[in-house]
Amino acid sequence: MTKSERQGESRKFDPNFKGPIHNRGCTDIFCCILFIIALLGYFAVGILAWSQGDPRKVIYPTDSRGQFCGQAGTPQEKKPLLFYFNILKCASPLVLLEFQCPTTQLCVERCPDRFLTLAKVVSGVSKNDHQYYQKYCKEGVDLTEPGTSAPVILMAKLCPAMIIPSKPFTRRCLPALGTTKSGVVVVGNQTSFKVENNNVSATDILEASKKSNVVVEARQVAMRIFEDYTQSWHWILLGLVIAMIVSLIFIVLLRFLAGVMVWIMIVLVILVIGYGIFHCYMEYAKLKGEPGANVTIRDLGLQTDFSVYLQIRQTWLAFMIILAIVEVIIILLLFFLRKRILIAIALIKEASRAVGHVMSSLFYPLLTFALLAVVIAYWAVTAVFLSTSNEQVYKVFNNSECVHSGKNCDPKTFNTSNISAQCPDAECMFAFYGGETLYHKYLILFQFYNVFLFFWCANFVTALGQVTLAGAFASYYWAFKKPDDIPSFPIFSSLGRALRYHTGSLAFGSLILSLVQVIRVILEYLDHKLKGAQNKFAKFLLSCMKCCFWCLEKCIKFLNRNAYIMIAVYGKNFCTSARDAFFLLMRNIVRVAVLDKVTDFLLFLGKLLVVGIVGIFSFFFFSGRIKAAQDAAPTLNYYWVPILTVVVGSYLIAHGFFSVYAMCVDTLFLCFLEDLERNDGSAERPYFMSQNLLTLLNKSNKEATSVD
C-alpha cells in the first residue's frame, strides 16, 4: 500500500473555491428520516408516560392501601404523616428486598406524643385515651364499644399494640429516641416496654428505626440541599453572572492581547493552584493536635453531614496531594512545550481576529445551552413519569411460615380468600409499584429508549453548534480580503445551511457517538451490579471494556468534530467528510499532535482560571471568611452546595465561551492545512492565511497582496 493510499490524495488547486460551498445538496437523507421517526417515537413515549405516570409516588409516602399521605383532594389530605403499627418489623430483611416495612401503615394527622398500650386503653375508662388511640387505628374501630378485646383487635390487625412518642422525619413517624447521661437509649424516659407479652428495649426500637429509614435517609440530605438552594439561589446566580462577565472579559482581552493574555493565564493558573496547595497545608497544620482530627476517612465512613470531612487532617492532605500533582503536571507540560507555545499563541491570535469579525459567534452558545436545557428537561420529566407509571402491587406479609408468603394479593377480597384461612396471621399489604400489563411489560424498553434518545438529541444539538460555528469561521478564513470578503451574517447563513442540507449527516454522526455512550452506560450499570461479586476475571474484563469504550468515545468525538468542519466547508455526506478530515490530519500528524493540542491546553487553562477565580471567591463568601460580607452570607446546612454549584456552573459558562474559541482554532487549523496543500504562494495560487502565520512558517505570497 502506497503512502497516498494510506493517507489519501492531497488537495488540488481549484480556482473556483472561495470557502464554504453554497451550491450543495441534502446529505444522509436516510439518517434524517430515521432521526425524525425516532423523535416522533420519543414524543409518543413521552405522551404515553405522562398519561400513565404519577410523580406523586416519589413525593408523598404511601400507606398500606397505596394511598398518598397528605395529597390534596383526597381523604388523606389532612393526614400528611405515615405511622407504622409495629416499627420493630422494619428490622426485617424484607425492607431491603421490597423497600417496604412488613407492618400495617396508616396516614395520620400528627405523630403520637405519649406512650400508651392497647391493653391499657381497652381496659381503662379514660375517654380521652380511647379517642386519642383511635387516631392510630384503622377506620371504623371504636374502642369504647362493650366487649372490645385487645387480643381480638390485634389478631385482626386493626390497631397497633402500642404507640410511643414519635417525631416526623421525612414525613414518617419515627420514635423520639434519646439517651441518658450514662448512654442508655430511652423512648419517652422509658428503657423497655411490654408488647404482645414480649419485652422490647428502646435499643431494639432504635435499630428498627434505622432499618425503616434505609430507603428515605437520602431524602433528608436532599431536603437539606434543597433548603440551601432556597437560601442561596440569588447568590449562586450572582456568582454565575460574575463567571460570565469574567469569561467575556477574557475573550475580549484575547481579541487585543492574545499573546500577553495567554502568558497571564499560564502564570495565574499556576498561582491559583499554588494558593490552593498553601491553603490546604494551612488547614492541615491547623488541625494538628485537635481532638478527632487524625481519624481516617475510611474509619469515618459515609456521613450525611459532609462538613465533618473538613474537620479531619486526611481530607486536607488528600486535597493538597491532588493539587500538587496537577501543579507539577502543568509545569512539566509547559516546560517541554515551551517552543510550540509561540506558534499556538499565533493560532489563538488568528482565532481572536476571526471571533472579532464574527462577534455573533460569542452568543451562539446561549442557543446551544437553551436547546440542551430543553433536551435535559424533556428527558428528566419523561424519566420521572416512566418510573412512576407502575400500578399498586399488594403482597402477602406474615410472621409465621406460609406457602403464600410474598405472593400477590387483592386487599378487597383477601379476608374472604383461602389465604387468610390457611395463614391466620397473614396480611395483604401494599408492597411496591409494578404491573403485569403490556405497557408495564415493556416499560424497561421505554426507559432505555428515553436514555438513548436523550444521548442522541444532546449530541445532535452539540453537532449543530459545531457545524454552525465551523461554517462561519471557514467563511472568515477563505475570505482573501478580510473583512471585505466575509459574507454578511455568517452565523445565520451557516446555521441555515446545516439545518437545510445536513440534518441527516449531523444525525448520523451523533447516532454513532450515542451508541458508544449507551454501551458505556450499560457497562457502568454492570460494574455497579458486580461490585459484590468475587469473580476477579469478570471484573478485569469489564474494566478493560470500560477503558476501550472510553477511548473509542474520545476518538469518535475527535473524528466527528473534524468531520463536521469538512461538512460545513464542502457540504459532503458524513462518511466522506470524516474520511477526508482523517486523511488530512494523517498527512499532517506532527502539526496536529503539537499545534492543535497545545492550543487546546492553553484554552483549558483559561477555563481553569475562570473557575479558580470564581470558585475561590465563592468559597470565602459562603464559608463566612469575608468579614465585610458575613452578615450578607446565608446560613446553610452545607456551604459546599452553593460553592460546588457555582464552580460547576462557572465551568459550563467558561466552556461555552471558550468552546467558540476552540471550534474557531480547529476550523482555522484544518483550513490552514488545506491552504498549504491547495496553494503555493504564487500569484496564481496565493495563500489565504494571515501574514503572521506566513511569517512563522517562513512562507510568503509572491505578490504584495495582503489578506489581513
# chains A, B, ... in the order shown; residues from 1 in each chain; ligands from 1
call {"tool": "residues_around", "arguments": {"residues": "Ile322 (chain A)", "least_positions_apart": "6", "cutoff": "12 Å", "atoms": "only C-alpha atoms", "output": "CSV table (one decimal) with all heavy atoms, in the first residue's frame"}}
result
chain,number,residue,atom,x,y,z
A,273,ILE,N,-3.5,27.5,41.7
A,273,ILE,CA,-3.3,26.1,42.2
A,273,ILE,C,-2.3,26.2,43.3
A,273,ILE,O,-2.4,25.4,44.3
A,273,ILE,CB,-2.8,25.2,41.1
A,273,ILE,CG1,-3.9,25.1,40.0
A,273,ILE,CG2,-2.5,23.8,41.6
A,273,ILE,CD1,-3.5,24.2,38.8
A,274,GLY,N,-1.2,27.0,43.2
A,274,GLY,CA,-0.3,27.1,44.3
A,274,GLY,C,-0.9,27.6,45.6
A,274,GLY,O,-0.6,27.1,46.7
A,276,GLY,N,-4.0,27.2,46.3
A,276,GLY,CA,-4.8,26.1,46.8
A,276,GLY,C,-4.0,25.1,47.6
A,276,GLY,O,-4.4,24.6,48.7
A,277,ILE,N,-2.8,24.8,47.2
A,277,ILE,CA,-1.9,23.9,47.9
A,277,ILE,C,-1.5,24.6,49.3
A,277,ILE,O,-1.5,23.9,50.3
A,277,ILE,CB,-0.6,23.7,47.1
A,277,ILE,CG1,-0.9,22.9,45.8
A,277,ILE,CG2,0.4,22.9,47.9
A,277,ILE,CD1,0.2,22.8,44.9
A,280,CYS,N,-4.6,24.4,51.7
A,280,CYS,CA,-4.8,23.0,52.2
A,280,CYS,C,-3.7,22.7,53.3
A,280,CYS,O,-4.0,22.1,54.3
A,280,CYS,CB,-4.7,22.0,51.0
A,280,CYS,SG,-6.1,22.1,49.9
A,315,THR,N,-8.4,14.6,54.9
A,315,THR,CA,-9.1,15.2,53.8
A,315,THR,C,-8.2,16.3,53.2
A,315,THR,O,-8.1,16.4,52.0
A,315,THR,CB,-10.4,15.8,54.3
A,315,THR,OG1,-11.2,14.8,54.9
A,315,THR,CG2,-11.2,16.5,53.1
A,316,TRP,N,-7.7,17.2,54.1
A,316,TRP,CA,-6.9,18.3,53.5
A,316,TRP,C,-5.6,17.8,52.9
A,316,TRP,O,-5.0,18.4,52.0
A,316,TRP,CB,-6.6,19.4,54.6
A,316,TRP,CG,-7.8,20.1,55.1
A,316,TRP,CD1,-8.6,19.9,56.2
A,316,TRP,CD2,-8.6,21.1,54.3
A,316,TRP,NE1,-9.7,20.7,56.3
A,316,TRP,CE2,-9.7,21.4,55.1
A,316,TRP,CE3,-8.3,21.7,53.1
A,316,TRP,CZ2,-10.6,22.4,54.7
A,316,TRP,CZ3,-9.3,22.6,52.7
A,316,TRP,CH2,-10.4,23.0,53.5
A,328,VAL,N,2.4,20.1,39.2
A,328,VAL,CA,3.6,19.5,38.6
A,328,VAL,C,3.4,19.2,37.2
A,328,VAL,O,4.2,19.4,36.3
A,328,VAL,CB,4.1,18.3,39.4
A,328,VAL,CG1,5.2,17.6,38.7
A,328,VAL,CG2,4.6,18.7,40.8
A,329,ILE,N,2.3,18.5,36.9
A,329,ILE,CA,2.0,18.1,35.5
A,329,ILE,C,1.9,19.4,34.6
A,329,ILE,O,2.5,19.4,33.5
A,329,ILE,CB,0.6,17.4,35.5
A,329,ILE,CG1,0.8,16.0,36.1
A,329,ILE,CG2,0.2,17.2,34.0
A,329,ILE,CD1,-0.5,15.2,36.3
call {"tool": "residues_around", "arguments": {"residues": "Leu513 (chain A)", "least_positions_apart": "4", "cutoff": "8 Å", "atoms": "only C-alpha atoms", "output": "list in words"}}
result
Trp456, Asn459, Gly509, Gln517, Glu553, Ile556 and Lys557 of chain A
call {"tool": "write_last_selection", "arguments": {"atoms": "N, CA, C and O atoms", "output": "PDB file, in the first residue's frame"}}
result
ATOM      1  N   TRP A 456     -28.866  10.887  21.939  1.00  0.00           N
ATOM      2  CA  TRP A 456     -28.888  11.226  20.512  1.00  0.00           C
ATOM      3  C   TRP A 456     -29.233  12.704  20.316  1.00  0.00           C
ATOM      4  O   TRP A 456     -28.570  13.415  19.555  1.00  0.00           O
ATOM      5  N   ASN A 459     -26.366  15.010  21.625  1.00  0.00           N
ATOM      6  CA  ASN A 459     -25.235  15.009  20.690  1.00  0.00           C
ATOM      7  C   ASN A 459     -25.576  15.736  19.391  1.00  0.00           C
ATOM      8  O   ASN A 459     -24.704  16.378  18.784  1.00  0.00           O
ATOM      9  N   GLY A 509     -23.695  11.280  12.600  1.00  0.00           N
ATOM     10  CA  GLY A 509     -22.548  11.391  13.490  1.00  0.00           C
ATOM     11  C   GLY A 509     -22.935  11.280  14.950  1.00  0.00           C
ATOM     12  O   GLY A 509     -22.264  10.591  15.738  1.00  0.00           O
ATOM     13  N   GLN A 517     -21.908   5.744  23.775  1.00  0.00           N
ATOM     14  CA  GLN A 517     -22.211   6.261  25.110  1.00  0.00           C
ATOM     15  C   GLN A 517     -23.217   5.381  25.842  1.00  0.00           C
ATOM     16  O   GLN A 517     -23.083   5.159  27.049  1.00  0.00           O
ATOM     17  N   GLU A 553     -14.947   6.422  22.529  1.00  0.00           N
ATOM     18  CA  GLU A 553     -15.787   7.625  22.572  1.00  0.00           C
ATOM     19  C   GLU A 553     -14.959   8.876  22.293  1.00  0.00           C
ATOM     20  O   GLU A 553     -15.383   9.767  21.539  1.00  0.00           O
ATOM     21  N   ILE A 556     -14.114   8.990  18.566  1.00  0.00           N
ATOM     22  CA  ILE A 556     -15.275   9.340  17.744  1.00  0.00           C
ATOM     23  C   ILE A 556     -15.593  10.822  17.880  1.00  0.00           C
ATOM     24  O   ILE A 556     -15.924  11.491  16.888  1.00  0.00           O
ATOM     25  N   LYS A 557     -15.493  11.373  19.086  1.00  0.00           N
ATOM     26  CA  LYS A 557     -15.732  12.801  19.269  1.00  0.00           C
ATOM     27  C   LYS A 557     -14.745  13.629  18.455  1.00  0.00           C
ATOM     28  O   LYS A 557     -15.121  14.634  17.831  1.00  0.00           O
TER      29      LYS A 557
END
call {"tool": "select_by_dssp", "arguments": {"residues": "region 381-536 of chain A", "states": "strand (DSSP E or B)", "output": "list in words"}}
result
Glu391, Gln392, Val393, Tyr394, Lys395, Val396, Phe397, Asn408, Glu427, Cys428, Met429, Phe430, Ala431, Phe432, Tyr433 and Gly434 of chain A
call {"tool": "write_last_selection", "arguments": {"atoms": "N, CA, C and O atoms", "output": "PDB file, in the first residue's frame"}}
result
ATOM      1  N   GLU A 391     -48.399   0.325  38.620  1.00  0.00           N
ATOM      2  CA  GLU A 391     -49.608   0.198  39.419  1.00  0.00           C
ATOM      3  C   GLU A 391     -49.259  -0.312  40.812  1.00  0.00           C
ATOM      4  O   GLU A 391     -48.162  -0.817  41.055  1.00  0.00           O
ATOM      5  N   GLN A 392     -50.217  -0.205  41.721  1.00  0.00           N
ATOM      6  CA  GLN A 392     -50.015  -0.682  43.086  1.00  0.00           C
ATOM      7  C   GLN A 392     -50.021  -2.209  43.103  1.00  0.00           C
ATOM      8  O   GLN A 392     -50.936  -2.848  42.575  1.00  0.00           O
ATOM      9  N   VAL A 393     -48.985  -2.772  43.704  1.00  0.00           N
ATOM     10  CA  VAL A 393     -48.870  -4.225  43.837  1.00  0.00           C
ATOM     11  C   VAL A 393     -48.955  -4.570  45.319  1.00  0.00           C
ATOM     12  O   VAL A 393     -48.224  -3.995  46.143  1.00  0.00           O
ATOM     13  N   TYR A 394     -49.862  -5.486  45.657  1.00  0.00           N
ATOM     14  CA  TYR A 394     -50.052  -5.917  47.041  1.00  0.00           C
ATOM     15  C   TYR A 394     -49.523  -7.328  47.197  1.00  0.00           C
ATOM     16  O   TYR A 394     -49.723  -8.184  46.332  1.00  0.00           O
ATOM     17  N   LYS A 395     -48.828  -7.580  48.315  1.00  0.00           N
ATOM     18  CA  LYS A 395     -48.269  -8.895  48.581  1.00  0.00           C
ATOM     19  C   LYS A 395     -48.669  -9.374  49.972  1.00  0.00           C
ATOM     20  O   LYS A 395     -49.069  -8.584  50.831  1.00  0.00           O
ATOM     21  N   VAL A 396     -48.536 -10.679  50.161  1.00  0.00           N
ATOM     22  CA  VAL A 396     -48.879 -11.297  51.443  1.00  0.00           C
ATOM     23  C   VAL A 396     -47.690 -11.171  52.386  1.00  0.00           C
ATOM     24  O   VAL A 396     -46.585 -11.614  52.068  1.00  0.00           O
ATOM     25  N   PHE A 397     -47.921 -10.551  53.542  1.00  0.00           N
ATOM     26  CA  PHE A 397     -46.906 -10.447  54.589  1.00  0.00           C
ATOM     27  C   PHE A 397     -47.405 -11.203  55.812  1.00  0.00           C
ATOM     28  O   PHE A 397     -48.580 -11.094  56.191  1.00  0.00           O
ATOM     29  N   ASN A 408     -48.706 -12.228  45.279  1.00  0.00           N
ATOM     30  CA  ASN A 408     -49.604 -11.094  45.053  1.00  0.00           C
ATOM     31  C   ASN A 408     -50.978 -11.391  45.653  1.00  0.00           C
ATOM     32  O   ASN A 408     -51.403 -12.557  45.738  1.00  0.00           O
ATOM     33  N   GLU A 427     -51.314 -10.894  56.143  1.00  0.00           N
ATOM     34  CA  GLU A 427     -51.991  -9.632  55.840  1.00  0.00           C
ATOM     35  C   GLU A 427     -51.639  -9.215  54.419  1.00  0.00           C
ATOM     36  O   GLU A 427     -50.486  -9.365  53.973  1.00  0.00           O
ATOM     37  N   CYS A 428     -52.622  -8.713  53.702  1.00  0.00           N
ATOM     38  CA  CYS A 428     -52.408  -8.234  52.328  1.00  0.00           C
ATOM     39  C   CYS A 428     -52.097  -6.743  52.389  1.00  0.00           C
ATOM     40  O   CYS A 428     -52.964  -5.938  52.741  1.00  0.00           O
ATOM     41  N   MET A 429     -50.848  -6.392  52.037  1.00  0.00           N
ATOM     42  CA  MET A 429     -50.417  -5.006  52.162  1.00  0.00           C
ATOM     43  C   MET A 429     -49.774  -4.513  50.870  1.00  0.00           C
ATOM     44  O   MET A 429     -49.237  -5.300  50.081  1.00  0.00           O
ATOM     45  N   PHE A 430     -49.844  -3.206  50.720  1.00  0.00           N
ATOM     46  CA  PHE A 430     -49.165  -2.571  49.585  1.00  0.00           C
ATOM     47  C   PHE A 430     -47.659  -2.816  49.700  1.00  0.00           C
ATOM     48  O   PHE A 430     -47.055  -2.593  50.748  1.00  0.00           O
ATOM     49  N   ALA A 431     -47.043  -3.304  48.618  1.00  0.00           N
ATOM     50  CA  ALA A 431     -45.613  -3.632  48.641  1.00  0.00           C
ATOM     51  C   ALA A 431     -44.787  -2.642  47.826  1.00  0.00           C
ATOM     52  O   ALA A 431     -43.843  -2.046  48.308  1.00  0.00           O
ATOM     53  N   PHE A 432     -45.160  -2.469  46.562  1.00  0.00           N
ATOM     54  CA  PHE A 432     -44.408  -1.565  45.696  1.00  0.00           C
ATOM     55  C   PHE A 432     -45.258  -1.276  44.469  1.00  0.00           C
ATOM     56  O   PHE A 432     -46.396  -1.732  44.352  1.00  0.00           O
ATOM     57  N   TYR A 433     -44.699  -0.532  43.551  1.00  0.00           N
ATOM     58  CA  TYR A 433     -45.395  -0.208  42.304  1.00  0.00           C
ATOM     59  C   TYR A 433     -44.838  -1.068  41.175  1.00  0.00           C
ATOM     60  O   TYR A 433     -43.632  -1.142  40.966  1.00  0.00           O
ATOM     61  N   GLY A 434     -45.735  -1.724  40.470  1.00  0.00           N
ATOM     62  CA  GLY A 434     -45.327  -2.573  39.347  1.00  0.00           C
ATOM     63  C   GLY A 434     -46.491  -2.730  38.387  1.00  0.00           C
ATOM     64  O   GLY A 434     -47.278  -1.815  38.201  1.00  0.00           O
TER      65      GLY A 434
END
call {"tool": "closest_residue", "arguments": {"among": "A:Ile47, A:Leu40, A:Val665, A:Val260", "to": "Leu342 (chain A)", "atoms": "only C-alpha atoms"}}
result
A:Val260
call {"tool": "residues_around", "arguments": {"residues": "Ala426 (chain A)", "least_positions_apart": "2", "cutoff": "12 Å", "atoms": "only C-alpha atoms", "output": "count of residues only"}}
result
33
call {"tool": "residues_around", "arguments": {"residues": "Ser149 (chain A)", "least_positions_apart": "5", "cutoff": "12 Å", "atoms": "only C-alpha atoms", "output": "JSON, numbers by chain"}}
result
{"A": [118, 119, 120, 121, 122, 123, 124, 141, 142, 143, 144, 154, 155, 156, 158, 159]}
call {"tool": "closest_residue", "arguments": {"among": "A:Ile345, A:Thr74, A:Val569, A:Lys482", "to": "Thr599 (chain A)", "atoms": "only C-alpha atoms"}}
result
A:Ile345
call {"tool": "closest_residue", "arguments": {"among": "A:Leu584, A:Ile321, A:Cys548, A:Val152", "to": "Arg678 (chain A)", "atoms": "only C-alpha atoms"}}
result
A:Leu584
call {"tool": "residues_around", "arguments": {"residues": "Ala383 (chain A)", "least_positions_apart": "5", "cutoff": "10 Å", "atoms": "only C-alpha atoms", "output": "compact mmCIF listing (two decimals) with C-alpha atoms, in the first residue's frame"}}
result
# COMPACT_ATOMS: atom_id res chain seq x y z
CA GLY A 46 -43.41 10.98 26.46
CA ALA A 49 -45.55 8.19 30.10
CA TRP A 50 -47.36 11.42 31.01
CA GLY A 53 -47.20 8.21 35.31
CA ALA A 377 -35.79 18.77 30.88
CA TYR A 378 -37.77 16.55 28.49
CA THR A 388 -43.93 6.36 38.42
CA SER A 389 -46.26 4.78 35.87
CA PHE A 446 -39.33 2.68 27.13
CA GLN A 447 -36.85 3.72 29.81
CA PHE A 448 -33.95 2.55 27.66
CA ASN A 450 -35.67 7.54 26.75
CA VAL A 451 -31.99 7.32 27.71
call {"tool": "residues_around", "arguments": {"residues": "Ile297 (chain A)", "least_positions_apart": "6", "cutoff": "9 Å", "atoms": "only C-alpha atoms", "output": "VMD selection string"}}
result
chain A and resid 309 312 314 to 315
call {"tool": "residues_around", "arguments": {"residues": "Leu559 (chain A)", "least_positions_apart": "2", "cutoff": "9 Å", "atoms": "only C-alpha atoms", "output": "tab-separated table (two decimals) with N, CA, C and O atoms, in the first residue's frame"}}
result
chain	number	residue	atom	x	y	z
A	554	LYS	N	-13.76	8.96	22.89
A	554	LYS	CA	-12.91	10.12	22.66
A	554	LYS	C	-12.49	10.22	21.19
A	554	LYS	O	-12.47	11.31	20.61
A	555	CYS	N	-12.16	9.09	20.60
A	555	CYS	CA	-11.76	9.07	19.18
A	555	CYS	C	-12.92	9.50	18.28
A	555	CYS	O	-12.73	10.28	17.33
A	556	ILE	N	-14.11	8.99	18.57
A	556	ILE	CA	-15.27	9.34	17.74
A	556	ILE	C	-15.59	10.82	17.88
A	556	ILE	O	-15.92	11.49	16.89
A	557	LYS	N	-15.49	11.37	19.09
A	557	LYS	CA	-15.73	12.80	19.27
A	557	LYS	C	-14.75	13.63	18.46
A	557	LYS	O	-15.12	14.63	17.83
A	561	ARG	N	-15.92	15.88	15.22
A	561	ARG	CA	-15.68	17.33	15.24
A	561	ARG	C	-15.03	17.79	13.94
A	561	ARG	O	-15.45	18.78	13.33
A	562	ASN	N	-14.03	17.04	13.49
A	562	ASN	CA	-13.34	17.41	12.24
A	562	ASN	C	-14.20	17.09	11.01
A	562	ASN	O	-14.13	17.80	10.00
A	563	ALA	N	-15.02	16.05	11.13
A	563	ALA	CA	-15.92	15.74	10.02
A	563	ALA	C	-16.95	16.85	9.85
A	563	ALA	O	-17.29	17.23	8.72
A	564	TYR	N	-17.44	17.41	10.93
A	564	TYR	CA	-18.41	18.50	10.86
A	564	TYR	C	-17.80	19.75	10.21
A	564	TYR	O	-18.49	20.50	9.51
A	578	ALA	N	-15.76	12.64	7.03
A	578	ALA	CA	-14.93	12.05	8.08
A	578	ALA	C	-13.66	11.46	7.49
A	578	ALA	O	-12.56	11.61	8.05
A	579	ARG	N	-13.78	10.80	6.33
A	579	ARG	CA	-12.60	10.23	5.68
A	579	ARG	C	-11.64	11.33	5.23
A	579	ARG	O	-10.43	11.25	5.46
A	581	ALA	N	-11.34	14.39	6.40
A	581	ALA	CA	-10.73	15.03	7.57
A	581	ALA	C	-9.67	14.13	8.19
A	581	ALA	O	-8.59	14.61	8.57
A	582	PHE	N	-9.94	12.83	8.25
A	582	PHE	CA	-8.98	11.90	8.84
A	582	PHE	C	-7.69	11.86	8.02
A	582	PHE	O	-6.58	11.94	8.58
call {"tool": "closest_residue", "arguments": {"among": "A:Leu515, A:Gly239, A:Thr416, A:Phe115", "to": "Asp129 (chain A)", "atoms": "only C-alpha atoms"}}
result
A:Phe115
call {"tool": "atom_distance", "arguments": {"atom1": "CA of Lys349 (chain A)", "atom2": "CA of Phe658 (chain A)"}}
result
13.8 Å
call {"tool": "select_by_dssp", "arguments": {"residues": "region 320-557 of chain A", "states": "helix (DSSP H, G or I)", "output": "number ranges by chain"}}
result
A: 320-336, 338-357, 359-387, 414-416, 418-422, 438-441, 443-477, 490-501, 503-529, 536-557
